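Asker: Structure: upload.cif, mmCIF, C-alpha atoms (C1' of nucleotides).
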```
data_input
loop_
_atom_site.label_atom_id
_atom_site.label_comp_id
_atom_site.auth_asym_id
_atom_site.auth_seq_id
_atom_site.Cartn_x
_atom_site.Cartn_y
_atom_site.Cartn_z
CA MET Y 295 -42.20 -1.77 21.57
CA ARG Y 296 -41.25 0.30 18.57
CA PHE Y 297 -41.19 -0.12 14.81
CA GLU Y 298 -38.26 1.91 13.47
CA GLY Y 299 -38.60 4.01 16.60
CA LEU Y 300 -42.33 4.63 16.15
CA ASP Y 301 -44.95 3.31 18.57
CA LEU Y 302 -47.54 1.99 16.10
CA ASN Y 303 -50.31 2.58 18.65
CA LEU Y 304 -49.78 6.26 17.95
CA LEU Y 305 -51.13 5.68 14.45
CA VAL Y 306 -54.39 4.45 15.97
CA ALA Y 307 -54.56 7.61 18.07
CA LEU Y 308 -53.68 9.83 15.12
CA ASP Y 309 -56.35 8.23 12.94
CA ALA Y 310 -59.00 8.62 15.65
CA ILE Y 311 -58.18 12.29 16.27
CA LEU Y 312 -58.05 13.11 12.55
CA GLU Y 313 -61.41 11.45 12.05
CA GLU Y 314 -63.13 12.83 15.14
CA GLY Y 315 -61.53 16.28 15.01
CA SER Y 316 -61.52 16.27 18.81
CA VAL Y 317 -59.26 14.85 21.50
CA VAL Y 318 -62.23 14.15 23.77
CA ARG Y 319 -64.24 12.26 21.14
CA ALA Y 320 -61.16 10.36 19.96
CA SER Y 321 -60.41 9.32 23.55
CA GLN Y 322 -64.00 8.10 24.03
CA ARG Y 323 -63.78 6.13 20.83
CA LEU Y 324 -60.58 4.40 21.90
CA HIS Y 325 -61.77 3.97 25.52
CA LEU Y 326 -58.95 6.13 26.86
CA SER Y 327 -59.00 9.20 29.06
CA GLN Y 328 -58.64 12.62 27.49
CA PRO Y 329 -55.18 13.15 29.11
CA ALA Y 330 -53.99 9.82 27.72
CA MET Y 331 -55.03 10.99 24.24
CA SER Y 332 -53.41 14.34 24.83
CA ALA Y 333 -50.22 12.56 25.83
CA ALA Y 334 -50.41 10.52 22.62
CA ILE Y 335 -50.46 13.76 20.65
CA GLY Y 336 -47.43 14.82 22.68
CA ARG Y 337 -45.58 11.67 21.68
CA LEU Y 338 -46.58 12.17 18.04
CA ARG Y 339 -45.25 15.72 18.25
CA GLN Y 340 -42.00 14.48 19.65
CA TYR Y 341 -41.57 11.71 17.07
CA PHE Y 342 -42.46 13.81 14.03
CA ASN Y 343 -40.93 17.01 15.42
CA ASP Y 344 -44.10 18.83 14.35
CA ASP Y 345 -47.13 20.34 16.12
CA ILE Y 346 -49.38 17.75 14.40
CA PHE Y 347 -52.45 19.68 15.69
CA THR Y 348 -52.89 23.35 16.51
CA MET Y 349 -55.83 25.10 18.10
CA SER Y 350 -57.68 27.70 16.06
CA ARG Y 351 -60.94 29.22 17.30
CA ARG Y 352 -61.39 26.30 19.67
CA LYS Y 353 -61.01 23.85 16.81
CA LEU Y 354 -58.28 21.26 16.50
CA VAL Y 355 -56.56 21.92 13.18
CA PRO Y 356 -54.17 19.31 11.71
CA THR Y 357 -50.88 20.67 10.42
CA PRO Y 358 -49.90 20.01 6.76
CA LEU Y 359 -47.74 17.13 8.00
CA ALA Y 360 -50.66 15.60 9.92
CA ARG Y 361 -52.85 15.97 6.85
CA SER Y 362 -50.22 14.24 4.72
CA LEU Y 363 -50.18 11.35 7.23
CA GLU Y 364 -53.96 10.88 7.20
CA ARG Y 365 -54.31 8.77 4.06
CA PRO Y 366 -51.31 6.45 4.61
CA THR Y 367 -52.24 5.98 8.28
CA ARG Y 368 -55.82 5.00 7.48
CA ASP Y 369 -54.62 2.77 4.68
CA ILE Y 370 -52.22 0.95 7.02
CA LEU Y 371 -54.90 0.41 9.69
CA LEU Y 372 -57.44 -0.85 7.16
CA ARG Y 373 -54.87 -3.26 5.76
CA VAL Y 374 -54.07 -4.53 9.24
CA ARG Y 375 -57.75 -5.16 9.84
CA ALA Y 376 -58.28 -6.82 6.48
CA ASN Y 377 -55.13 -8.93 6.45
CA LEU Y 378 -54.37 -9.68 10.10
CA ILE Y 379 -57.59 -9.34 12.11
CA SER Y 380 -60.32 -10.52 9.74
CA ALA Y 381 -58.39 -12.80 7.47
CA PRO Y 382 -57.01 -15.79 9.34
CA GLY Y 383 -59.08 -18.91 8.99
CA PHE Y 384 -62.21 -17.54 7.36
CA GLU Y 385 -64.65 -20.39 6.85
CA PRO Y 386 -68.11 -19.32 5.65
CA ALA Y 387 -69.85 -22.21 7.37
CA ASN Y 388 -68.38 -21.34 10.79
CA SER Y 389 -67.95 -17.58 10.52
CA GLN Y 390 -69.90 -15.16 12.72
CA ARG Y 391 -68.87 -12.22 10.55
CA ARG Y 392 -71.26 -9.34 9.89
CA PHE Y 393 -71.22 -7.62 6.52
CA ARG Y 394 -72.36 -4.02 6.19
CA ILE Y 395 -73.85 -3.33 2.78
CA VAL Y 396 -75.26 -0.04 1.50
CA VAL Y 397 -78.05 -0.95 -0.89
CA SER Y 398 -81.33 0.48 -2.22
CA ASP Y 399 -84.61 -1.24 -1.42
CA TYR Y 400 -84.77 -2.09 -5.13
CA ALA Y 401 -81.51 -4.08 -5.06
CA SER Y 402 -82.47 -5.48 -1.64
CA ILE Y 403 -85.51 -7.15 -3.19
CA VAL Y 404 -84.15 -8.05 -6.63
CA LEU Y 405 -80.61 -9.10 -5.65
CA MET Y 406 -80.09 -9.30 -1.90
CA HIS Y 407 -83.15 -11.44 -1.21
CA PRO Y 408 -81.72 -14.40 -3.19
CA VAL Y 409 -78.25 -13.59 -1.81
CA MET Y 410 -79.61 -13.74 1.75
CA LYS Y 411 -81.24 -17.10 1.04
CA ARG Y 412 -77.94 -18.49 -0.20
CA VAL Y 413 -75.98 -17.07 2.75
CA TYR Y 414 -78.56 -18.55 5.13
CA ARG Y 415 -77.96 -21.99 3.62
CA GLU Y 416 -74.17 -21.86 3.22
CA ALA Y 417 -73.10 -19.62 6.11
CA PRO Y 418 -75.83 -19.53 8.77
CA GLY Y 419 -73.59 -17.72 11.29
CA ILE Y 420 -72.98 -14.78 9.00
CA SER Y 421 -75.20 -11.73 9.42
CA LEU Y 422 -75.95 -8.94 6.98
CA GLU Y 423 -76.61 -5.33 7.85
CA LEU Y 424 -78.31 -3.56 4.95
CA LEU Y 425 -77.91 0.19 5.18
CA PRO Y 426 -79.78 2.92 3.32
CA PHE Y 427 -78.03 5.36 0.99
CA ASN Y 428 -76.75 8.58 2.47
CA ASP Y 429 -74.71 11.50 1.22
CA ARG Y 430 -71.34 10.17 2.29
CA VAL Y 431 -71.07 6.69 0.77
CA ASP Y 432 -67.72 7.63 -0.79
CA ASP Y 433 -66.47 8.58 2.66
CA GLN Y 434 -67.78 5.33 4.11
CA LEU Y 435 -65.90 3.35 1.44
CA GLU Y 436 -62.76 5.37 2.07
CA ARG Y 437 -62.88 4.74 5.81
CA GLY Y 438 -63.84 1.09 5.46
CA GLU Y 439 -67.04 1.69 7.46
CA VAL Y 440 -69.00 -0.46 5.03
CA ASP Y 441 -68.00 -3.64 3.23
CA PHE Y 442 -69.97 -3.12 0.03
CA ILE Y 443 -72.04 -0.58 -1.85
CA ILE Y 444 -74.52 -1.70 -4.47
CA MET Y 445 -75.61 1.11 -6.78
CA PRO Y 446 -75.93 2.21 -10.42
CA ASP Y 447 -72.58 2.22 -12.20
CA VAL Y 448 -73.03 5.89 -13.13
CA ASN Y 449 -72.63 6.73 -9.44
CA ALA Y 450 -69.39 4.74 -8.98
CA VAL Y 451 -66.90 6.10 -6.47
CA ASP Y 452 -63.41 6.62 -7.96
CA ASP Y 453 -60.37 4.81 -6.54
CA HIS Y 454 -62.25 1.71 -5.36
CA PRO Y 455 -62.68 -1.58 -7.20
CA ARG Y 456 -66.02 -2.27 -8.82
CA GLN Y 457 -67.79 -5.13 -10.47
CA HIS Y 458 -70.80 -5.24 -12.79
CA LEU Y 459 -73.75 -7.13 -11.32
CA PHE Y 460 -76.74 -7.04 -13.65
CA ALA Y 461 -78.62 -4.78 -16.03
CA ASP Y 462 -82.24 -3.69 -15.86
CA GLU Y 463 -84.54 -1.42 -17.79
CA PHE Y 464 -87.63 0.59 -16.98
CA CYS Y 465 -91.32 0.02 -17.43
CA CYS Y 466 -94.52 1.59 -16.16
CA ILE Y 467 -96.82 0.19 -13.54
CA ALA Y 468 -100.44 1.03 -12.80
CA TRP Y 469 -103.23 -0.37 -10.64
CA THR Y 470 -105.13 -3.19 -12.37
CA GLY Y 471 -108.39 -1.40 -11.37
CA SER Y 472 -107.49 1.82 -13.16
CA ARG Y 473 -110.03 2.75 -15.86
CA LYS Y 474 -107.85 5.46 -17.31
CA ILE Y 475 -104.97 3.11 -18.03
CA GLY Y 476 -105.45 0.16 -20.38
CA ARG Y 477 -103.05 -2.56 -21.56
CA SER Y 478 -100.69 -0.02 -23.06
CA ILE Y 479 -100.02 3.63 -22.56
CA SER Y 480 -99.37 6.36 -25.14
CA LEU Y 481 -96.92 9.18 -24.56
CA GLY Y 482 -99.81 11.67 -24.49
CA ARG Y 483 -101.71 9.73 -21.83
CA TYR Y 484 -98.47 9.12 -19.89
CA LEU Y 485 -97.84 12.86 -19.65
CA GLN Y 486 -101.48 13.57 -18.68
CA LEU Y 487 -101.53 11.19 -15.72
CA GLY Y 488 -100.36 11.88 -12.19
CA HIS Y 489 -96.96 10.30 -11.45
CA VAL Y 490 -95.28 8.67 -8.50
CA THR Y 491 -91.53 9.06 -8.15
CA ALA Y 492 -88.90 8.53 -5.45
CA GLN Y 493 -86.24 10.71 -3.88
CA PHE Y 494 -83.57 9.43 -1.54
CA GLY Y 495 -81.60 10.50 1.48
CA PRO Y 496 -81.43 13.76 3.41
CA ILE Y 497 -80.74 15.81 0.27
CA ARG Y 498 -83.60 14.11 -1.61
CA ARG Y 499 -81.49 12.77 -4.46
CA PRO Y 500 -83.71 12.05 -7.50
CA SER Y 501 -83.97 8.49 -8.79
CA PHE Y 502 -82.32 7.28 -12.00
CA GLU Y 503 -85.65 7.36 -13.89
CA GLU Y 504 -86.43 10.86 -12.62
CA LYS Y 505 -83.11 12.18 -13.93
CA ALA Y 506 -83.54 10.43 -17.29
CA LEU Y 507 -87.04 11.88 -17.76
CA ALA Y 508 -85.85 15.33 -16.74
CA ARG Y 509 -83.11 15.10 -19.40
CA SER Y 510 -85.65 14.10 -22.07
CA GLY Y 511 -87.46 17.41 -21.52
CA TYR Y 512 -90.93 15.89 -20.94
CA LYS Y 513 -93.02 17.68 -18.32
CA ARG Y 514 -95.04 15.39 -16.07
CA ARG Y 515 -97.05 16.04 -12.95
CA ILE Y 516 -95.56 14.44 -9.84
CA GLU Y 517 -98.32 13.70 -7.34
CA VAL Y 518 -96.42 11.49 -4.90
CA ILE Y 519 -92.74 11.58 -3.94
CA ALA Y 520 -91.92 8.35 -2.13
CA PRO Y 521 -88.84 7.76 0.05
CA ASN Y 522 -87.99 4.49 -1.72
CA PHE Y 523 -88.97 2.23 -4.62
CA THR Y 524 -91.17 -0.07 -2.56
CA THR Y 525 -93.40 2.78 -1.42
CA MET Y 526 -93.37 4.10 -4.96
CA VAL Y 527 -94.81 0.85 -6.29
CA ALA Y 528 -97.44 0.64 -3.55
CA SER Y 529 -98.50 4.25 -4.15
CA VAL Y 530 -100.17 3.55 -7.49
CA ILE Y 531 -102.57 0.93 -6.08
CA GLY Y 532 -106.16 2.19 -5.83
CA THR Y 533 -105.39 5.23 -8.02
CA ASP Y 534 -105.05 6.24 -11.68
CA ARG Y 535 -101.45 7.22 -11.10
CA VAL Y 536 -98.54 5.76 -13.01
CA ALA Y 537 -95.01 5.00 -11.84
CA THR Y 538 -91.92 4.37 -13.95
CA VAL Y 539 -89.88 1.72 -12.21
CA HIS Y 540 -87.22 -0.95 -12.71
CA LYS Y 541 -88.68 -3.83 -14.66
CA ARG Y 542 -87.24 -6.60 -12.47
CA LEU Y 543 -88.78 -5.00 -9.38
CA ALA Y 544 -92.12 -4.46 -11.15
CA VAL Y 545 -92.28 -8.13 -12.21
CA ILE Y 546 -91.65 -9.28 -8.63
CA PHE Y 547 -94.28 -6.94 -7.15
CA ALA Y 548 -96.87 -7.81 -9.79
CA ARG Y 549 -96.87 -11.39 -8.46
CA SER Y 550 -98.27 -10.18 -5.14
CA PHE Y 551 -100.04 -6.89 -5.81
CA PRO Y 552 -102.81 -5.80 -8.25
CA LEU Y 553 -100.45 -4.18 -10.69
CA LYS Y 554 -100.34 -4.07 -14.47
CA LEU Y 555 -97.04 -3.65 -16.24
CA LEU Y 556 -96.77 -1.51 -19.36
CA HIS Y 557 -94.03 -0.58 -21.80
CA ALA Y 558 -92.73 2.88 -20.96
CA PRO Y 559 -93.68 5.32 -23.78
CA VAL Y 560 -90.46 7.26 -23.23
CA ARG Y 561 -86.98 5.91 -23.72
CA ILE Y 562 -84.99 5.60 -20.53
CA PRO Y 563 -81.41 4.30 -20.85
CA ALA Y 564 -80.76 0.80 -19.53
CA PHE Y 565 -79.58 0.70 -15.99
CA ARG Y 566 -76.55 -1.25 -14.72
CA GLU Y 567 -76.23 -2.19 -11.09
CA MET Y 568 -72.70 -2.42 -9.74
CA LEU Y 569 -70.84 -3.66 -6.65
CA GLN Y 570 -68.07 -1.62 -5.01
CA TRP Y 571 -65.88 -2.38 -2.01
CA PRO Y 572 -63.01 -0.60 -0.21
CA ALA Y 573 -59.72 -1.00 -2.08
CA SER Y 574 -58.01 -1.76 1.24
CA PHE Y 575 -60.20 -4.83 1.76
CA HIS Y 576 -59.58 -6.25 -1.69
CA ALA Y 577 -57.72 -9.32 -0.42
CA ASP Y 578 -59.82 -9.99 2.71
CA PRO Y 579 -60.94 -13.62 2.23
CA ALA Y 580 -64.31 -12.92 3.86
CA LEU Y 581 -65.00 -10.12 1.43
CA VAL Y 582 -63.76 -12.17 -1.49
CA TRP Y 583 -66.24 -14.91 -0.52
CA MET Y 584 -69.15 -12.48 -0.16
CA ARG Y 585 -68.18 -10.75 -3.39
CA GLU Y 586 -68.24 -14.05 -5.24
CA THR Y 587 -71.58 -14.98 -3.66
CA ILE Y 588 -73.22 -11.68 -4.67
CA SER Y 589 -71.63 -11.82 -8.10
CA ASP Y 590 -72.79 -15.39 -8.64
CA VAL Y 591 -76.41 -14.56 -7.75
CA ALA Y 592 -76.24 -11.43 -9.91
CA SER Y 593 -75.04 -13.38 -12.92
CA GLU Y 594 -78.02 -15.74 -12.52
CA ILE Y 595 -80.29 -12.67 -12.54
CA ASP Y 596 -78.48 -11.22 -15.53
CA ARG Y 597 -78.92 -14.46 -17.45
CA THR Y 598 -82.52 -13.35 -18.09
CA PRO Y 599 -82.17 -9.95 -19.77
CA ALA Y 600 -84.81 -7.48 -18.60
CA ALA Y 601 -85.85 -6.94 -22.22
CA ARG Y 602 -86.90 -10.61 -22.46
CA MET Y 603 -88.89 -10.61 -19.23
CA ARG Y 604 -92.58 -11.14 -19.94
CA PHE Y 605 -95.17 -8.88 -18.39
CA GLY Y 606 -97.96 -10.37 -16.36
"C1'" DC L 262 -26.85 -19.21 33.46
"C1'" DC L 263 -30.69 -18.14 36.23
"C1'" DA L 264 -33.44 -15.88 39.84
"C1'" DC L 265 -34.27 -11.89 42.30
"C1'" DG L 266 -34.82 -7.08 43.54
"C1'" DA L 267 -34.01 -2.11 42.80
"C1'" DA L 268 -34.31 1.57 39.62
"C1'" DG L 269 -35.92 3.54 35.42
"C1'" DT L 270 -39.40 4.01 31.74
"C1'" DT L 271 -43.86 4.11 29.85
"C1'" DG L 272 -48.51 5.03 29.63
"C1'" DG L 273 -52.64 5.00 32.16
"C1'" DC L 274 -55.93 7.94 35.34
"C1'" DC L 275 -57.53 11.89 38.27
"C1'" DA L 276 -57.39 16.61 39.40
"C1'" DT L 277 -56.56 20.88 37.86
"C1'" DC L 278 -55.22 24.78 34.99
"C1'" DC L 279 -55.71 27.69 31.00
"C1'" DA L 280 -57.65 29.69 26.80
"C1'" DC L 281 -61.59 30.74 24.43
"C1'" DG P 104 -68.88 25.84 30.24
"C1'" DT P 105 -65.95 23.29 27.13
"C1'" DG P 106 -61.85 21.26 25.30
"C1'" DG P 107 -56.90 20.60 25.39
"C1'" DA P 108 -52.61 20.61 28.30
"C1'" DT P 109 -50.09 19.61 32.45
"C1'" DG P 110 -48.69 17.75 37.02
"C1'" DG P 111 -48.85 14.10 40.27
"C1'" DC P 112 -49.54 9.49 41.11
"C1'" DC P 113 -49.82 4.51 40.11
"C1'" DA P 114 -49.22 0.00 37.86
"C1'" DA P 115 -46.92 -2.69 34.56
"C1'" DC P 116 -42.98 -3.63 32.26
"C1'" DT P 117 -37.92 -3.37 31.21
"C1'" DT P 118 -33.20 -2.95 32.42
"C1'" DC P 119 -29.40 -3.84 35.09
"C1'" DG P 120 -26.63 -5.28 38.96
"C1'" DT P 121 -25.89 -8.96 42.24
"C1'" DG P 122 -25.70 -13.45 44.40
"C1'" DG P 123 -26.11 -18.44 44.15
#
```
Translate the structure of the given file into structure tokens.
Answerer:
Amino acid sequence: MRFEGLDLNLLVALDAILEEGSVVRASQRLHLSQPAMSAAIGRLRQYFNDDIFTMSRRKLVPTPLARSLERPTRDILLRVRANLISAPGFEPANSQRRFRIVVSDYASIVLMHPVMKRVYREAPGISLELLPFNDRVDDQLERGEVDFIIMPDVNAVDDHPRQHLFADEFCCIAWTGSRKIGRSISLGRYLQLGHVTAQFGPIRRPSFEEKALARSGYKRRIEVIAPNFTTMVASVIGTDRVATVHKRLAVIFARSFPLKLLHAPVRIPAFREMLQWPASFHADPALVWMRETISDVASEIDRTPAARMRFG
DNA sequence: CCACGAAGTTGGCCATCCAC
DNA sequence: GTGGATGGCCAACTTCGTGG
């Protein structure tokens, strides 16, 4: 069967080869043999009257025409998935859908925990896969590999819809047993103490607070670099170290751990958490439902501004 | 008009070749 | 040795001619 003379299955093959950069890997991905995939390239060559791929130093190189087809092909396939495969008859209460969400451990605790409780009540068949940040989130959005990314709005990926979730600000935390740190902390003492910070992902991306402090020009001594915010908070317990963390996270942790919360003696800009999703999935009813659920929980959180949250 | 069978087409796999 | 291309073969499907 053809659409205007084109076998649409060839678009699936083209997308797989462009993404994998290899006929063998593309064939494995589509559960075809390598010759079948090679034949698909042959049919693409015939239809487009172009080499589509050439070999250079044992690497498969897409021709300019193939490159120009990459974006529209992926867009078409993502739209088919969003509008034809996922869409029909989405009912939260009966759906077995899995959502893949890239989110920090901070937003997992502050936002996703109440979201998960609500999903558990309203859509018990739905599962959530929370994924850590990596260096190719923009690529993952582009390819539709993830359904949502939750991150600071300053890191937003262009060309994909976004939505504000909630704002937060920063405070300091210290162990309640610390004798060097009292009920407040001066700038001088803050800069004298050992600090705990966090860096993320394979390239050790600094946290929002780390970048803000670096911009302010203050020199502080980092004694612990944690892989995430949760470890960062736990790392001050039993020490005289101080950590500068999101206030909403600090308030939650202080309910369970021996932590005192202090006003940060340096000014760190307020922080806005944001939701992004692939533009191709914009109309997918399942994503619309999850977007509304997350947004609804976030607006409840945002109803209590971080500045009005009481310490202790 | 419908059922049936032969021939053609398509796209899969396996084996193999070729280039690097 | 690895990765892509090709030839031969096979199964499924389509097309077309023929007979009832």
Asker: Please return, as a compact mmCIF listing (two decimals) with C-alpha atoms, in the coordinates of the input, all residues of chain Y lying within 10 Å of chain P when all atoms listed in the file are considered.
Answerer:
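After the write, result_19.txt holds the following:
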```txt
# COMPACT_ATOMS: atom_id res chain seq x y z
CA SER Y 316 -61.52 16.27 18.81
CA VAL Y 317 -59.26 14.85 21.50
CA VAL Y 318 -62.23 14.15 23.77
CA GLN Y 328 -58.64 12.62 27.49
CA PRO Y 329 -55.18 13.15 29.11
CA MET Y 331 -55.03 10.99 24.24
CA SER Y 332 -53.41 14.34 24.83
CA ALA Y 333 -50.22 12.56 25.83
CA GLY Y 336 -47.43 14.82 22.68
CA MET Y 349 -55.83 25.10 18.10
CA ARG Y 352 -61.39 26.30 19.67
CA LYS Y 353 -61.01 23.85 16.81
CA LEU Y 354 -58.28 21.26 16.50
```
Asker: Where does the PyMOL selection byres ((chain Y and resi 457) around 7) land in this file, that is, which residues does it pick, as a PyMOL selection string?
Answerer: chain Y and resi 456+458-459+568-570
Asker: Could you list, as a list in words, the residues of chain L having an atom within 10 Å of chain Y when counting only C-alpha atoms (C1' of nucleotides)?
Answerer: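 For chain L, the answer reads DG272, DG273, DC274, DC275, DA280 and DC281 of chain L.
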Asker: Can you measure atom CA of Y:Arg597 to atom CA of Y:Val397 for me? One decimal in Å is fine.
Answerer: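 Interatomic distance here is 21.4 Å.
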Asker: Have a look at atom CA of Y:Asp369 and atom CA of Y:Ala320 and let me know their distance in Å, one decimal.
Answerer: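 Value for the atom CA of Y:Asp369-atom CA of Y:Ala320 distance: 18.3 Å.
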Asker: Using the chain letters and numbers from this file, what does the PyMOL selection byres ((chain Y and resi 447) around 8) select? Give the answer as a PyMOL selection string.
Answerer: chain Y and resi 445-446+448-450+458+566-568
Asker: Run the PyMOL selection byres ((chain Y and resi 371) around 10) against the file shown and list the residues it catches, as a list in words.
Answerer: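 That expression, the PyMOL selection byres ((chain Y and resi 371) around 10), corresponds here to Leu302, Leu305, Val306, Asp309, Pro366, Thr367, Arg368, Asp369, Ile370, Leu372, Arg373, Val374, Arg375, Ala376, Asn377, Arg437, Gly438 and Ser574 of chain Y.
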Asker: For those residues, write C-alpha atoms to a file as a compact mmCIF listing (two decimals), in the frame of the given file.
Answerer:
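Result went into result.txt, see below:
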```
# COMPACT_ATOMS: atom_id res chain seq x y z
CA LEU Y 302 -47.54 1.99 16.10
CA LEU Y 305 -51.13 5.68 14.45
CA VAL Y 306 -54.39 4.45 15.97
CA ASP Y 309 -56.35 8.23 12.94
CA PRO Y 366 -51.31 6.45 4.61
CA THR Y 367 -52.24 5.98 8.28
CA ARG Y 368 -55.82 5.00 7.48
CA ASP Y 369 -54.62 2.77 4.68
CA ILE Y 370 -52.22 0.95 7.02
CA LEU Y 372 -57.44 -0.85 7.16
CA ARG Y 373 -54.87 -3.26 5.76
CA VAL Y 374 -54.07 -4.53 9.24
CA ARG Y 375 -57.75 -5.16 9.84
CA ALA Y 376 -58.28 -6.82 6.48
CA ASN Y 377 -55.13 -8.93 6.45
CA ARG Y 437 -62.88 4.74 5.81
CA GLY Y 438 -63.84 1.09 5.46
CA SER Y 574 -58.01 -1.76 1.24
```
Asker: Please return the centre and edge lengths, in Å to one decimal, of a box with edges along x, y and z that contains all listed atoms of stretch 263-279 of chain L, widened by 6 Å on every side, as JSON.
Answerer:
```
{"center_x": -44.1, "center_y": 4.8, "center_z": 36.6, "size_x": 38.8, "size_y": 57.8, "size_z": 25.9}
```
